[in-house]
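Engineer: Below is a structure I'd like to ask you about.
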Amino acid sequence: MRKLLGLFFIFLFLFCPKMKKENKEEYYNKLRERMVKEQIEARGIKDQRILKAMREVKRHLFVPEAFREESYNDYPLPIGEGQTISQPFIVALMTYLLEPETSDRVLEIGTGSGYQAAVLSLLVKEVYTIEIIEKLAKEAEKRLKELGYHNIKVKWGDGFEGWQEYAPFDKIIITCALPYIPKPLKEQLKEGGKIVAPMEKDGIQVLSLFTKEKGELIEKVCDYVRFVPMRGRIEVEPEEK
Ligand code: SAH
């Protein structure tokens, strides 16, 4: 009897952590389902491909451990270095405005945690993403690789310059606020291509959708937003040249 009891405890000791982990995954799956239903679908984003991608990407693995429990809530969260991962709805909205197509090659400025890149990567052919903070760039690259997102390339650098080596791009998504679209980005966008970006004027930020027509960017303002500011060359060149 005592032997049996001993075996029982050994079994518990060996298998409980695994069971706990599985339950935790189930728990996050439920939170994610609810996030998509209540924060995204209910606010009018009905594109099934986008909803599917948002259901698939494990957002809790893109935030620091201390914030995992909150990762499916309706607000942005800190990811270290004074930066944030965007609110889930804003990620879905920017993705929707970009009208991702399976043949698209997309450039992202502001990798942060890599979450937006992961969502996009399920909807397009390739994602190229640039992050100015080395630590975040390296962490995101490692995370995306470990999670199996193989169609994303991460670069540590200033997004102002774009990524000439892989240009031109069908779409560009900018996830830090800026006063104007830098010339290299405009040039690296294909004719007919789109840019989604938070634009800051006089301290007010709006989410804009640009379309490149005859070499010029046509702007359409879509919403009010709150993003961290773009750093680097744009700070020394706050005016368009
Ligand atoms: N898309 C991210 C959130 C971005 S937060 C996510 O899904 O988690 C904005 C990011 O833009 C920050 O990480 C910030 O460091 C980065 N950033 C700011 N200026 C930049 C620049 N000039 N080039 C590239 N990244 C920049």
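By order of appearance in the structure tokens: chains A, B, ..., then residues from 1 within every chain, and ligands from 1 in the order shown.
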Taking the DSSP secondary structure from the backbone, can you list the residues of stretch 78-217 of chain A that are strand (DSSP E or B), as an MDAnalysis selection string?
Structural biologist: chainID A and resid 78:80 83:85 105:109 126:131 152:156 169:174 177:178 189:201 204:213 216:217
Engineer: Enumerate residues in contact with ligand 1: an atom-to-atom distance of at most 6 Å, counting only C-alpha atoms and all ligand atoms. Format the result as a ChimeraX atom specification.
Structural biologist: /A:83-86,109-116,130-133,158-160,175-176,228,230-232
Engineer: Would you export the selected residues with N, CA and C atoms as a PDB file, in the first residue's frame, please?
Structural biologist:
```pdb
ATOM      1  N   GLN A  83       9.166  50.979 -24.290  1.00  0.00           N
ATOM      2  CA  GLN A  83       8.324  50.778 -25.481  1.00  0.00           C
ATOM      3  C   GLN A  83       7.098  49.940 -25.141  1.00  0.00           C
ATOM      4  N   THR A  84       6.143  49.892 -26.071  1.00  0.00           N
ATOM      5  CA  THR A  84       4.898  49.150 -25.797  1.00  0.00           C
ATOM      6  C   THR A  84       4.495  48.261 -26.975  1.00  0.00           C
ATOM      7  N   ILE A  85       3.726  47.228 -26.640  1.00  0.00           N
ATOM      8  CA  ILE A  85       3.050  46.408 -27.654  1.00  0.00           C
ATOM      9  C   ILE A  85       1.669  47.044 -27.795  1.00  0.00           C
ATOM     10  N   SER A  86       1.202  47.247 -29.030  1.00  0.00           N
ATOM     11  CA  SER A  86      -0.070  47.947 -29.249  1.00  0.00           C
ATOM     12  C   SER A  86      -1.258  47.149 -28.724  1.00  0.00           C
ATOM     13  N   ILE A 109       8.062  49.178 -39.803  1.00  0.00           N
ATOM     14  CA  ILE A 109       9.014  50.002 -39.051  1.00  0.00           C
ATOM     15  C   ILE A 109       8.571  50.001 -37.592  1.00  0.00           C
ATOM     16  N   GLY A 110       9.418  49.486 -36.691  1.00  0.00           N
ATOM     17  CA  GLY A 110       9.074  49.384 -35.270  1.00  0.00           C
ATOM     18  C   GLY A 110       8.661  47.974 -34.903  1.00  0.00           C
ATOM     19  N   THR A 111       9.636  47.060 -34.881  1.00  0.00           N
ATOM     20  CA  THR A 111       9.351  45.641 -34.584  1.00  0.00           C
ATOM     21  C   THR A 111       8.782  45.459 -33.183  1.00  0.00           C
ATOM     22  N   GLY A 112       9.354  46.181 -32.210  1.00  0.00           N
ATOM     23  CA  GLY A 112       8.937  46.034 -30.813  1.00  0.00           C
ATOM     24  C   GLY A 112       9.037  44.584 -30.380  1.00  0.00           C
ATOM     25  N   SER A 113       7.908  44.008 -29.988  1.00  0.00           N
ATOM     26  CA  SER A 113       7.885  42.615 -29.527  1.00  0.00           C
ATOM     27  C   SER A 113       7.891  41.623 -30.686  1.00  0.00           C
ATOM     28  N   GLY A 114       7.494  42.100 -31.875  1.00  0.00           N
ATOM     29  CA  GLY A 114       7.363  41.201 -33.029  1.00  0.00           C
ATOM     30  C   GLY A 114       5.931  40.728 -33.235  1.00  0.00           C
ATOM     31  N   TYR A 115       5.010  41.160 -32.383  1.00  0.00           N
ATOM     32  CA  TYR A 115       3.625  40.662 -32.450  1.00  0.00           C
ATOM     33  C   TYR A 115       2.918  41.064 -33.750  1.00  0.00           C
ATOM     34  N   GLN A 116       2.994  42.350 -34.092  1.00  0.00           N
ATOM     35  CA  GLN A 116       2.347  42.809 -35.334  1.00  0.00           C
ATOM     36  C   GLN A 116       2.936  42.075 -36.549  1.00  0.00           C
ATOM     37  N   ILE A 130      11.990  46.349 -39.055  1.00  0.00           N
ATOM     38  CA  ILE A 130      13.176  47.071 -38.557  1.00  0.00           C
ATOM     39  C   ILE A 130      12.899  47.652 -37.178  1.00  0.00           C
ATOM     40  N   GLU A 131      13.850  47.452 -36.266  1.00  0.00           N
ATOM     41  CA  GLU A 131      13.719  47.975 -34.897  1.00  0.00           C
ATOM     42  C   GLU A 131      15.001  48.732 -34.535  1.00  0.00           C
ATOM     43  N   ILE A 132      14.834  49.927 -33.955  1.00  0.00           N
ATOM     44  CA  ILE A 132      16.003  50.785 -33.675  1.00  0.00           C
ATOM     45  C   ILE A 132      16.712  50.418 -32.365  1.00  0.00           C
ATOM     46  N   ILE A 133      16.004  49.772 -31.437  1.00  0.00           N
ATOM     47  CA  ILE A 133      16.627  49.386 -30.160  1.00  0.00           C
ATOM     48  C   ILE A 133      17.183  47.965 -30.280  1.00  0.00           C
ATOM     49  N   ASP A 158      17.714  51.991 -38.182  1.00  0.00           N
ATOM     50  CA  ASP A 158      16.767  53.105 -38.209  1.00  0.00           C
ATOM     51  C   ASP A 158      15.829  52.929 -39.403  1.00  0.00           C
ATOM     52  N   GLY A 159      14.547  52.782 -39.092  1.00  0.00           N
ATOM     53  CA  GLY A 159      13.551  52.549 -40.132  1.00  0.00           C
ATOM     54  C   GLY A 159      13.413  53.698 -41.118  1.00  0.00           C
ATOM     55  N   PHE A 160      13.923  54.860 -40.769  1.00  0.00           N
ATOM     56  CA  PHE A 160      13.885  56.030 -41.655  1.00  0.00           C
ATOM     57  C   PHE A 160      14.432  55.665 -43.041  1.00  0.00           C
ATOM     58  N   THR A 175       4.814  51.536 -36.971  1.00  0.00           N
ATOM     59  CA  THR A 175       4.152  51.424 -35.663  1.00  0.00           C
ATOM     60  C   THR A 175       4.776  52.339 -34.607  1.00  0.00           C
ATOM     61  N   CYS A 176       5.373  53.455 -35.064  1.00  0.00           N
ATOM     62  CA  CYS A 176       5.798  54.527 -34.154  1.00  0.00           C
ATOM     63  C   CYS A 176       5.368  55.837 -34.824  1.00  0.00           C
ATOM     64  N   VAL A 228       4.141  55.385 -29.425  1.00  0.00           N
ATOM     65  CA  VAL A 228       5.424  55.963 -29.006  1.00  0.00           C
ATOM     66  C   VAL A 228       6.030  56.657 -30.234  1.00  0.00           C
ATOM     67  N   MET A 230       8.649  58.037 -33.141  1.00  0.00           N
ATOM     68  CA  MET A 230       9.772  57.502 -33.913  1.00  0.00           C
ATOM     69  C   MET A 230      11.052  58.198 -33.429  1.00  0.00           C
ATOM     70  N   ARG A 231      12.137  57.426 -33.359  1.00  0.00           N
ATOM     71  CA  ARG A 231      13.435  57.951 -32.937  1.00  0.00           C
ATOM     72  C   ARG A 231      14.393  57.971 -34.134  1.00  0.00           C
ATOM     73  N   GLY A 232      15.610  58.452 -33.854  1.00  0.00           N
ATOM     74  CA  GLY A 232      16.643  58.379 -34.883  1.00  0.00           C
ATOM     75  C   GLY A 232      16.659  59.597 -35.781  1.00  0.00           C
TER      76      GLY A 232
END
```
Engineer: Might you pull out every residue within 12 Å of A:Leu107, with only C-alpha atoms counted and same-chain residues fewer than 3 positions away left off, and present them as a PyMOL selection string?
Structural biologist: chain A and resi 98+100+104+110-111+116-117+120-121+124-131+152-155+159-175+185-186+188-190+193-197
Engineer: List every residue of chain A that DSSP, applied to the backbone of this structure, places in alpha helix (DSSP H), and write the result as a PyMOL selection string.
Structural biologist: chain A and resi 2-35+48-56+88-97+115-121+134-146+183-187+233-236
Engineer: Go ahead and save the picked residues with C-alpha atoms, as a compact mmCIF listing (two decimals), in the first residue's frame.
Structural biologist:
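Printed below is selection.txt as written:
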```
# COMPACT_ATOMS: atom_id res chain seq x y z
CA ARG A 2 2.79 2.41 0.98
CA LYS A 3 4.63 1.50 -2.20
CA LEU A 4 1.53 2.29 -4.22
CA LEU A 5 1.12 5.63 -2.48
CA GLY A 6 4.76 6.43 -3.18
CA LEU A 7 4.28 5.62 -6.85
CA PHE A 8 1.22 7.85 -6.92
CA PHE A 9 3.20 10.81 -5.59
CA ILE A 10 6.03 10.20 -8.03
CA PHE A 11 3.40 10.23 -10.81
CA LEU A 12 1.96 13.52 -9.52
CA PHE A 13 5.40 15.06 -9.25
CA LEU A 14 6.32 14.03 -12.79
CA PHE A 15 3.12 14.84 -14.64
CA CYS A 16 1.55 17.70 -12.76
CA PRO A 17 3.73 20.51 -14.15
CA LYS A 18 2.91 19.30 -17.66
CA MET A 19 -0.81 19.15 -16.91
CA LYS A 20 -0.64 22.60 -15.38
CA LYS A 21 1.08 23.94 -18.48
CA GLU A 22 -1.55 22.39 -20.76
CA ASN A 23 -4.33 23.89 -18.68
CA LYS A 24 -2.60 27.25 -18.88
CA GLU A 25 -2.45 27.02 -22.68
CA GLU A 26 -6.17 26.18 -22.74
CA TYR A 27 -6.79 29.16 -20.51
CA TYR A 28 -4.89 31.52 -22.85
CA ASN A 29 -6.71 30.03 -25.86
CA LYS A 30 -10.01 30.98 -24.23
CA LEU A 31 -8.79 34.49 -23.43
CA ARG A 32 -7.66 34.88 -27.04
CA GLU A 33 -11.00 33.71 -28.43
CA ARG A 34 -12.74 36.21 -26.22
CA MET A 35 -10.36 39.01 -27.22
CA GLN A 48 -12.23 36.18 -41.53
CA ARG A 49 -8.56 35.92 -42.51
CA ILE A 50 -7.60 38.67 -40.08
CA LEU A 51 -9.73 37.25 -37.28
CA LYS A 52 -8.14 33.84 -37.86
CA ALA A 53 -4.62 35.31 -37.66
CA MET A 54 -5.48 37.15 -34.45
CA ARG A 55 -6.85 33.89 -33.01
CA GLU A 56 -3.69 32.07 -33.94
CA PRO A 88 -5.01 44.20 -29.90
CA PHE A 89 -7.72 46.19 -31.70
CA ILE A 90 -5.18 48.64 -33.13
CA VAL A 91 -3.07 45.74 -34.44
CA ALA A 92 -6.19 44.30 -36.12
CA LEU A 93 -7.24 47.70 -37.49
CA MET A 94 -3.82 48.49 -39.00
CA THR A 95 -3.68 45.01 -40.50
CA TYR A 96 -7.17 45.48 -41.97
CA LEU A 97 -6.31 48.90 -43.48
CA TYR A 115 3.62 40.66 -32.45
CA GLN A 116 2.35 42.81 -35.33
CA ALA A 117 4.90 41.17 -37.64
CA ALA A 118 3.71 37.71 -36.54
CA VAL A 119 0.05 38.56 -37.26
CA LEU A 120 0.96 39.95 -40.70
CA SER A 121 3.20 37.01 -41.54
CA GLU A 134 19.16 46.57 -30.41
CA LYS A 135 17.90 44.61 -27.41
CA LEU A 136 14.31 44.57 -28.69
CA ALA A 137 15.42 43.67 -32.21
CA LYS A 138 17.49 40.71 -31.00
CA GLU A 139 14.77 39.50 -28.62
CA ALA A 140 12.07 39.73 -31.28
CA GLU A 141 14.24 37.91 -33.81
CA LYS A 142 14.85 35.07 -31.36
CA ARG A 143 11.20 34.88 -30.32
CA LEU A 144 9.87 34.80 -33.88
CA LYS A 145 12.37 32.11 -34.86
CA GLU A 146 11.54 29.94 -31.85
CA LYS A 183 11.55 59.90 -48.55
CA PRO A 184 13.32 56.48 -48.62
CA LEU A 185 10.09 54.79 -47.48
CA LYS A 186 8.06 56.57 -50.14
CA GLU A 187 10.59 55.51 -52.76
CA ARG A 233 17.15 60.46 -38.00
CA ILE A 234 13.61 61.85 -37.94
CA GLU A 235 14.46 63.67 -34.68
CA VAL A 236 17.18 65.67 -36.40
```
Engineer: To one decimal place, how far is atom CA of A:Asp223 from atom CA of A:Glu38 in Å?
Structural biologist: 19.4 Å
Engineer: Which residue, A:Glu191, A:Glu237, A:Asp74, A:Glu108, has the smallest gap to A:Leu217 when you use only C-alpha atoms?
Structural biologist: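 Of all the options, A:Glu191 lies closest to A:Leu217.
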Engineer: Just to confirm, what's the straight-line distance from atom CA of A:Leu123 to atom CA of A:Leu209 in Å (one decimal)?
Structural biologist: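 Result for atom CA of A:Leu123 versus atom CA of A:Leu209: 18.6 Å, one decimal.
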